[in-house]
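What's in target.csv: CSV, C-alpha atoms and all ligand atoms
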chain,number,residue,atom,x,y,z
A,1,MET,CA,25.7,227.1,133.9
A,2,LYS,CA,24.3,230.0,131.9
A,3,LYS,CA,26.0,233.3,131.6
A,4,ILE,CA,24.3,236.0,133.8
A,5,GLY,CA,23.9,238.0,130.6
A,6,SER,CA,21.5,235.5,129.1
A,7,GLN,CA,18.3,234.3,130.8
A,8,VAL,CA,19.1,232.9,134.2
A,9,THR,CA,16.9,231.4,136.9
A,10,ILE,CA,18.0,231.3,140.5
A,11,ALA,CA,15.9,229.4,143.0
A,12,ILE,CA,16.1,229.6,146.8
A,13,ASP,CA,14.1,227.6,149.3
A,14,GLY,CA,14.2,227.5,153.1
A,15,PRO,CA,12.1,227.8,156.2
A,16,ALA,CA,10.6,231.0,157.7
A,17,GLY,CA,13.3,233.4,158.9
A,18,SER,CA,16.2,231.7,157.1
A,19,GLY,CA,17.0,235.0,155.4
A,20,LYS,CA,15.9,234.1,151.9
A,21,SER,CA,13.7,237.1,151.1
A,22,THR,CA,16.3,239.7,152.3
A,23,VAL,CA,19.1,237.8,150.5
A,24,ALA,CA,17.1,237.3,147.3
A,25,ARG,CA,16.0,241.0,147.1
A,26,ARG,CA,19.7,242.0,147.6
A,27,VAL,CA,20.9,239.6,144.9
A,28,ALA,CA,18.1,240.8,142.6
A,29,GLU,CA,19.3,244.4,143.0
A,30,THR,CA,23.0,243.5,142.6
A,31,LEU,CA,22.5,241.5,139.5
A,32,GLY,CA,19.5,243.3,138.0
A,33,LEU,CA,17.1,240.4,138.2
A,34,LEU,CA,13.4,240.1,138.6
A,35,TYR,CA,12.5,239.2,142.2
A,36,LEU,CA,9.7,236.7,142.9
A,37,ASP,CA,8.4,236.4,146.5
A,38,SER,CA,6.4,233.2,146.1
A,39,GLY,CA,5.2,233.2,149.7
A,40,ALA,CA,3.5,236.6,149.1
A,41,MET,CA,1.3,234.8,146.5
A,42,TYR,CA,0.2,232.1,149.1
A,43,ARG,CA,-0.3,235.0,151.5
A,44,ALA,CA,-2.5,236.9,149.1
A,45,VAL,CA,-4.7,233.8,148.5
A,46,THR,CA,-5.0,233.5,152.3
A,47,VAL,CA,-6.2,237.1,152.5
A,48,LEU,CA,-8.8,236.1,149.9
A,49,ALA,CA,-9.9,233.2,152.1
A,50,ILE,CA,-10.1,235.4,155.3
A,51,GLN,CA,-12.0,238.3,153.5
A,52,ASN,CA,-14.6,235.9,152.1
A,53,GLU,CA,-14.7,233.7,155.3
A,54,LEU,CA,-13.8,230.6,153.3
A,55,ALA,CA,-12.2,227.4,154.7
A,56,ALA,CA,-8.8,226.5,153.3
A,57,ASP,CA,-10.1,223.4,151.7
A,58,SER,CA,-13.4,224.8,150.4
A,59,PRO,CA,-14.3,224.4,146.7
A,60,GLU,CA,-15.3,228.1,146.7
A,61,LEU,CA,-11.8,229.2,147.6
A,62,ILE,CA,-10.3,227.1,144.8
A,63,GLU,CA,-12.7,228.7,142.3
A,64,GLN,CA,-11.8,232.1,143.6
A,65,VAL,CA,-8.1,231.4,143.3
A,66,LYS,CA,-8.6,230.3,139.7
A,67,ALA,CA,-10.5,233.5,138.9
A,68,CYS,CA,-8.4,236.0,140.9
A,69,HIS,CA,-5.7,238.2,139.6
A,70,ILE,CA,-2.4,238.4,141.5
A,71,GLU,CA,0.4,240.7,140.3
A,72,PHE,CA,3.5,242.3,141.6
A,73,ALA,CA,4.7,245.9,141.2
A,74,ASP,CA,7.9,247.7,142.2
A,75,ASN,CA,10.0,244.5,141.6
A,76,GLY,CA,8.2,242.4,144.2
A,77,LYS,CA,7.8,245.1,146.9
A,78,THR,CA,4.1,245.5,146.2
A,79,ILE,CA,1.5,242.8,145.6
A,80,LEU,CA,-1.9,243.4,144.1
A,81,LEU,CA,-4.8,241.1,144.6
A,82,ASN,CA,-7.6,241.8,142.1
A,83,THR,CA,-5.9,245.2,141.5
A,84,LYS,CA,-5.9,246.1,145.3
A,85,ASN,CA,-2.6,246.6,147.1
A,86,VAL,CA,-2.5,243.9,149.9
A,87,SER,CA,1.2,244.3,150.8
A,88,VAL,CA,0.3,245.1,154.4
A,89,GLN,CA,-2.6,242.7,154.9
A,90,ILE,CA,-0.5,239.7,153.8
A,91,ARG,CA,1.8,240.1,156.8
A,92,THR,CA,-0.8,240.1,159.6
A,93,PRO,CA,-0.7,237.5,162.4
A,94,ALA,CA,-4.0,236.0,161.1
A,95,VAL,CA,-2.4,235.3,157.7
A,96,ASN,CA,0.8,233.9,159.4
A,97,ARG,CA,-1.4,231.4,161.3
A,98,PHE,CA,-3.6,230.4,158.4
A,99,VAL,CA,-1.3,230.5,155.3
A,100,ALA,CA,0.3,227.0,155.7
A,101,ASP,CA,-3.2,225.5,155.7
A,102,VAL,CA,-4.1,227.2,152.5
A,103,ALA,CA,-0.8,226.5,150.9
A,104,LYS,CA,-1.2,222.7,151.4
A,105,ILE,CA,-4.2,222.5,149.1
A,106,PRO,CA,-3.0,220.8,145.8
A,107,GLU,CA,-5.4,222.7,143.5
A,108,ILE,CA,-4.4,226.0,145.0
A,109,ARG,CA,-0.7,225.1,144.6
A,110,HIS,CA,-1.3,224.1,141.0
A,111,GLU,CA,-2.8,227.5,140.1
A,112,ILE,CA,0.0,229.5,141.9
A,113,VAL,CA,2.8,227.3,140.5
A,114,LYS,CA,1.5,227.9,136.9
A,115,HIS,CA,1.5,231.6,137.6
A,116,GLN,CA,5.0,231.5,139.0
A,117,GLN,CA,6.3,229.6,136.0
A,118,ARG,CA,4.7,232.2,133.7
A,119,ILE,CA,6.5,234.9,135.6
A,120,GLY,CA,9.8,232.9,135.4
A,121,ALA,CA,9.5,232.6,131.6
A,122,GLU,CA,9.5,236.4,131.3
A,123,GLY,CA,13.3,236.8,131.9
A,124,SER,CA,16.1,236.4,134.4
A,125,ILE,CA,14.7,235.9,137.8
A,126,ILE,CA,15.6,235.1,141.4
A,127,ALA,CA,12.7,233.3,143.1
A,128,GLU,CA,12.3,232.2,146.7
A,129,GLY,CA,9.9,230.1,148.8
A,130,ARG,CA,9.4,226.4,149.8
A,131,ASP,CA,9.2,224.5,146.4
A,132,LEU,CA,11.1,226.7,144.0
A,133,THR,CA,14.1,224.4,143.6
A,134,THR,CA,12.0,221.2,143.6
A,135,ILE,CA,8.7,221.9,141.8
A,136,VAL,CA,8.5,225.4,140.3
A,137,PHE,CA,11.9,225.6,138.7
A,138,PRO,CA,13.4,222.1,138.9
A,139,ASP,CA,15.8,223.1,136.1
A,140,ALA,CA,16.9,226.3,137.7
A,141,ASP,CA,20.5,227.4,136.8
A,142,PHE,CA,21.3,227.9,140.5
A,143,LYS,CA,19.7,226.4,143.5
A,144,PHE,CA,20.2,227.3,147.2
A,145,TYR,CA,18.7,226.1,150.4
A,146,LEU,CA,19.0,228.5,153.3
A,147,ASP,CA,18.5,227.3,156.9
A,148,ALA,CA,19.3,228.6,160.4
A,149,SER,CA,18.5,227.4,164.0
A,150,VAL,CA,14.9,228.0,165.0
A,151,THR,CA,15.9,230.4,167.8
A,152,GLU,CA,18.0,232.5,165.4
A,153,ARG,CA,15.1,232.6,162.9
A,154,ALA,CA,12.7,233.6,165.6
A,155,LYS,CA,15.0,236.3,166.8
A,156,ARG,CA,15.2,237.8,163.3
A,157,ARG,CA,11.4,237.7,162.9
A,158,LEU,CA,11.0,239.3,166.4
A,159,ALA,CA,13.3,242.2,165.4
A,160,GLU,CA,11.2,242.8,162.2
A,161,LEU,CA,7.9,242.7,164.2
A,162,GLN,CA,9.3,245.0,166.9
A,163,ALA,CA,10.3,247.4,164.2
A,164,GLN,CA,6.6,247.5,163.2
A,165,ASN,CA,5.7,248.0,166.9
A,166,VAL,CA,4.1,244.6,167.2
A,167,ASP,CA,4.0,243.5,170.9
A,168,ILE,CA,5.0,239.8,170.9
A,169,THR,CA,7.5,237.6,172.8
A,170,LEU,CA,10.3,235.6,171.4
A,171,ALA,CA,8.7,232.4,172.6
A,172,ALA,CA,5.5,233.2,170.7
A,173,VAL,CA,7.3,233.9,167.5
A,174,GLU,CA,9.3,230.7,167.9
A,175,ALA,CA,6.1,228.7,168.4
A,176,GLU,CA,4.5,230.3,165.4
A,177,ILE,CA,7.4,229.6,163.0
A,178,SER,CA,7.9,226.1,164.4
A,179,ALA,CA,4.3,225.2,163.8
A,180,ARG,CA,4.4,226.6,160.2
A,181,ASP,CA,7.7,224.8,159.5
A,182,GLU,CA,6.1,221.5,160.6
A,183,LYS,CA,3.1,222.0,158.3
A,184,ASP,CA,5.3,223.0,155.4
A,185,LYS,CA,7.7,220.1,155.8
A,186,THR,CA,5.2,217.4,156.4
A,187,ARG,CA,2.4,218.2,153.8
A,188,ALA,CA,1.7,215.6,151.2
A,189,HIS,CA,2.2,218.0,148.2
A,190,SER,CA,5.4,219.8,147.5
A,191,PRO,CA,6.8,219.7,151.1
A,192,LEU,CA,9.7,222.0,152.0
A,193,ARG,CA,12.9,220.1,151.5
A,194,ALA,CA,16.4,220.7,150.2
A,195,ALA,CA,16.7,219.7,146.5
A,196,ASP,CA,19.4,217.1,145.9
A,197,ASP,CA,21.4,219.6,143.7
A,198,ALA,CA,20.9,222.7,146.0
A,199,ILE,CA,23.8,224.3,147.8
A,200,ILE,CA,22.9,224.4,151.5
A,201,ILE,CA,23.8,227.5,153.4
A,202,ASP,CA,23.5,227.6,157.2
A,203,THR,CA,22.9,231.3,157.9
A,204,THR,CA,22.8,231.0,161.7
A,205,ASP,CA,26.1,232.8,162.2
A,206,LYS,CA,26.3,234.6,159.0
A,207,THR,CA,25.4,238.2,158.1
A,208,ILE,CA,23.1,239.1,155.2
A,209,ASP,CA,26.2,240.5,153.4
A,210,GLU,CA,28.1,237.2,153.8
A,211,VAL,CA,25.2,235.2,152.3
A,212,VAL,CA,24.7,237.7,149.5
A,213,ASP,CA,28.4,237.7,148.7
A,214,PHE,CA,28.5,233.8,148.8
A,215,ILE,CA,25.6,233.5,146.4
A,216,THR,CA,26.8,236.2,143.9
A,217,ALA,CA,30.3,234.6,144.0
A,218,GLN,CA,28.8,231.2,143.1
A,219,ILE,CA,26.9,232.8,140.2
A,220,SER,CA,30.0,234.8,139.0
A,221,LYS,CA,32.2,231.6,139.3
A,222,ASP,CA,29.9,229.8,136.8
A,223,GLU,CA,29.6,232.7,134.4
A,224,GLY,CA,30.8,231.8,131.0
A,225,CYS,CA,30.3,228.0,131.3
A,226,SER,CA,27.4,226.7,129.2
A,227,LYS,CA,24.7,224.7,131.0
B,301,LIG,O1,7.9,232.8,152.6
B,301,LIG,P1,6.7,233.1,153.5
B,301,LIG,O2,7.0,233.0,155.0
B,301,LIG,O3,6.1,234.4,153.2
B,301,LIG,O4,5.6,232.0,153.1
B,301,LIG,C1,4.4,231.9,153.8
B,301,LIG,C2,3.9,230.5,153.7
B,301,LIG,O5,3.5,230.3,152.3
B,301,LIG,C3,4.8,229.4,154.0
B,301,LIG,O6,4.9,229.1,155.4
B,301,LIG,C4,4.2,228.2,153.2
B,301,LIG,O7,3.1,227.7,153.9
B,301,LIG,C5,3.7,228.9,152.0
B,301,LIG,N1,4.6,228.8,150.9
B,301,LIG,C6,4.6,227.6,150.1
B,301,LIG,N2,5.3,227.5,149.0
B,301,LIG,C7,6.1,228.5,148.6
B,301,LIG,C8,6.2,229.7,149.4
B,301,LIG,C9,5.4,229.8,150.5
B,301,LIG,O8,3.9,226.7,150.5
B,301,LIG,N3,6.8,228.4,147.5
Could you write out this file's structure as C-alpha cells?
Ligand code: C5P
Amino acid sequence: MKKIGSQVTIAIDGPAGSGKSTVARRVAETLGLLYLDSGAMYRAVTVLAIQNELAADSPELIEQVKACHIEFADNGKTILLNTKNVSVQIRTPAVNRFVADVAKIPEIRHEIVKHQQRIGAEGSIIAEGRDLTTIVFPDADFKFYLDASVTERAKRRLAELQAQNVDITLAAVEAEISARDEKDKTRAHSPLRAADDAIIIDTTDKTIDEVVDFITAQISKDEGCSK
C-alpha cells in the first residue's frame, strides 16, 4: 500500500444511505484528501435531462452529456453544471426517481467515468459511489464497501429529508431507495457490487465516528508499506 504522504486513491462503494458520503467527506477532511461524490455527477446529468425534457436513453442527452461541463467547488460541497450551481437541484425527489435510469446508459457512464478518472489523476483522492472500486479506480490503494439494512438506510435518509422540512414517510423513503438499489444492482453495465478485494463494512449498528475511525485506521496501518 502507498504511504498517505504520496498519491493515494481510496474508493468506496455501497447502496443509498449506507453512509459513504458522510464517511468519505470526514475521511477527506481528516487526511486532507480531495473528495469526489460520483453520484452528484450522475445527478447533474439527470438535471440536464429534466431541464431539457430528454428521455434517459435519447441520443440528444448523450450528446449534451459529451458537451456539458461538470465541475466541483469547495472540495465537493458544490457542483456546477455548465457553470451554474446545481447543488440543490440534484437532491430533488424528481432527480432521486430518475437518476438510476440515466446512470444505466453505457455512453453516459463512459463520459462520466473518463471525467472521474481525470479528477483522480490530479492527486490523492477519496471517491465514493457505485462503481468506484470496480470500474473507475480498479487499482485503488484502499477499497471499502459500505452496507446497512434497508430500514436503517431509509431511517437515515428520512432524518436528512426531515431536516430539510420535506414531508415524507419512512415507508415512502424505503420504497424509493429499494427501487433505486434494485436498478443499480441489476443493470447490465457497471452494476453495484462489492469488489473482491474490498473491505466490507456493515454500518447498520455503527456510528459515523466508528466507521471513519475504522477506515482511517486501515489506511494508517498500511502506511509505509509499498504497494
Ligand atoms: O450516491 P447517490 O445516491 O447520490 O447516487 C445517485 C445515483 O447515481 C445512484 O442511485 C446510481 O444510480 C447513480 N450512480 C452510479 N454510479 C456511481 C454513483 C452513482 O450509477 N458511481
* Can you pull out every residue within 12 Å of A:Gln89, counting only C-alpha atoms, but drop anything in the same chain fewer than 2 positions away, and send it as a ChimeraX atom specification? => /A:40,43-48,50-51,78-81,84-87,91-96
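Proximity of A:Leu61, A:Leu34, A:Ile199, A:Ala16 to ligand LIG 301 (chain B), computed with only C-alpha atoms and all ligand atoms, is greatest for A:Ala16.
Comparing the minimum interatomic distances between ligand LIG 301 (chain B) and each of A:Ala195, A:Ala56, A:Ile177, A:Ile168, counting only C-alpha atoms and all ligand atoms, we find that A:Ile177 sits nearest.
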* Nearest-residue call for A:Arg157, choices A:Ser18, A:Gln218, A:Asp197, A:Gln117, using all atoms listed in the file -> A:Ser18
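Using all atoms listed in the file, the smallest distance between any of A:Thr9, A:Ser178, A:Thr151, A:Asn165 and ligand LIG 301 (chain B) comes from A:Ser178.
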* To do: Collect all residues with atoms no farther than 7 Å from ligand LIG 301 (chain B), counting all atoms listed in the file, and output them as a ChimeraX atom specification.
  => /A:16,38-40,42-43,96,99-101,103-104,128-132,180-181,184
* To do: Compare A:Val102, A:Met41, A:Ala172, A:Ala28 by their minimum atom-to-atom distance to A:Phe72, counting only C-alpha atoms, and give me the closest one.
  => A:Met41
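The coordinates place atom CA of A:Leu54 at 28.3 Å from atom CA of A:Asp13.
Closest to A:Gly120 among A:Ile200, A:Ile215, A:Ile90, A:Leu33 is A:Leu33, based on all atoms listed in the file.
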* Give me the residues within 9 Å of A:Val212 as an MDAnalysis selection string, counting all atoms listed in the file and dropping any in the same chain fewer than 5 places off. => chainID A and resid 23:24 26:27 207 217
Limited to C-alpha atoms, could you put the picked residues into a file as a PDB file, in the coordinates of the input?
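What ended up in out_31.pdb:
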ATOM      1  CA  VAL A  23      19.100 237.800 150.500  1.00  0.00           C
ATOM      2  CA  ALA A  24      17.100 237.300 147.300  1.00  0.00           C
ATOM      3  CA  ARG A  26      19.700 242.000 147.600  1.00  0.00           C
ATOM      4  CA  VAL A  27      20.900 239.600 144.900  1.00  0.00           C
ATOM      5  CA  THR A 207      25.400 238.200 158.100  1.00  0.00           C
ATOM      6  CA  ALA A 217      30.300 234.600 144.000  1.00  0.00           C
TER       7      ALA A 217
END
* To do: Using atom CA of A:Ser190 and atom CA of A:Glu71 as the two end points, give the distance in Å to one decimal.
  => 22.7 Å
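Interatomic distance, atom CA of A:Gln7 against atom CA of A:Ile125: 8.0 Å.
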As a CSV table (one decimal) with C-alpha atoms, in the frame of the given file, please: the residues near A:Asp202 (cut-off 8 Å, all atoms listed in the file, same-chain neighbours under 6 positions excluded).
chain,number,residue,atom,x,y,z
A,146,LEU,CA,19.0,228.5,153.3
A,147,ASP,CA,18.5,227.3,156.9
A,148,ALA,CA,19.3,228.6,160.4
* Which residues, written as JSON, numbers by chain, have at least one atom at most 8 Å from A:Ile10, with all atoms listed in the file counted and residues fewer than 3 positions away on the same chain left out? -> {"A": [125, 126, 127, 140, 141, 142, 143]}
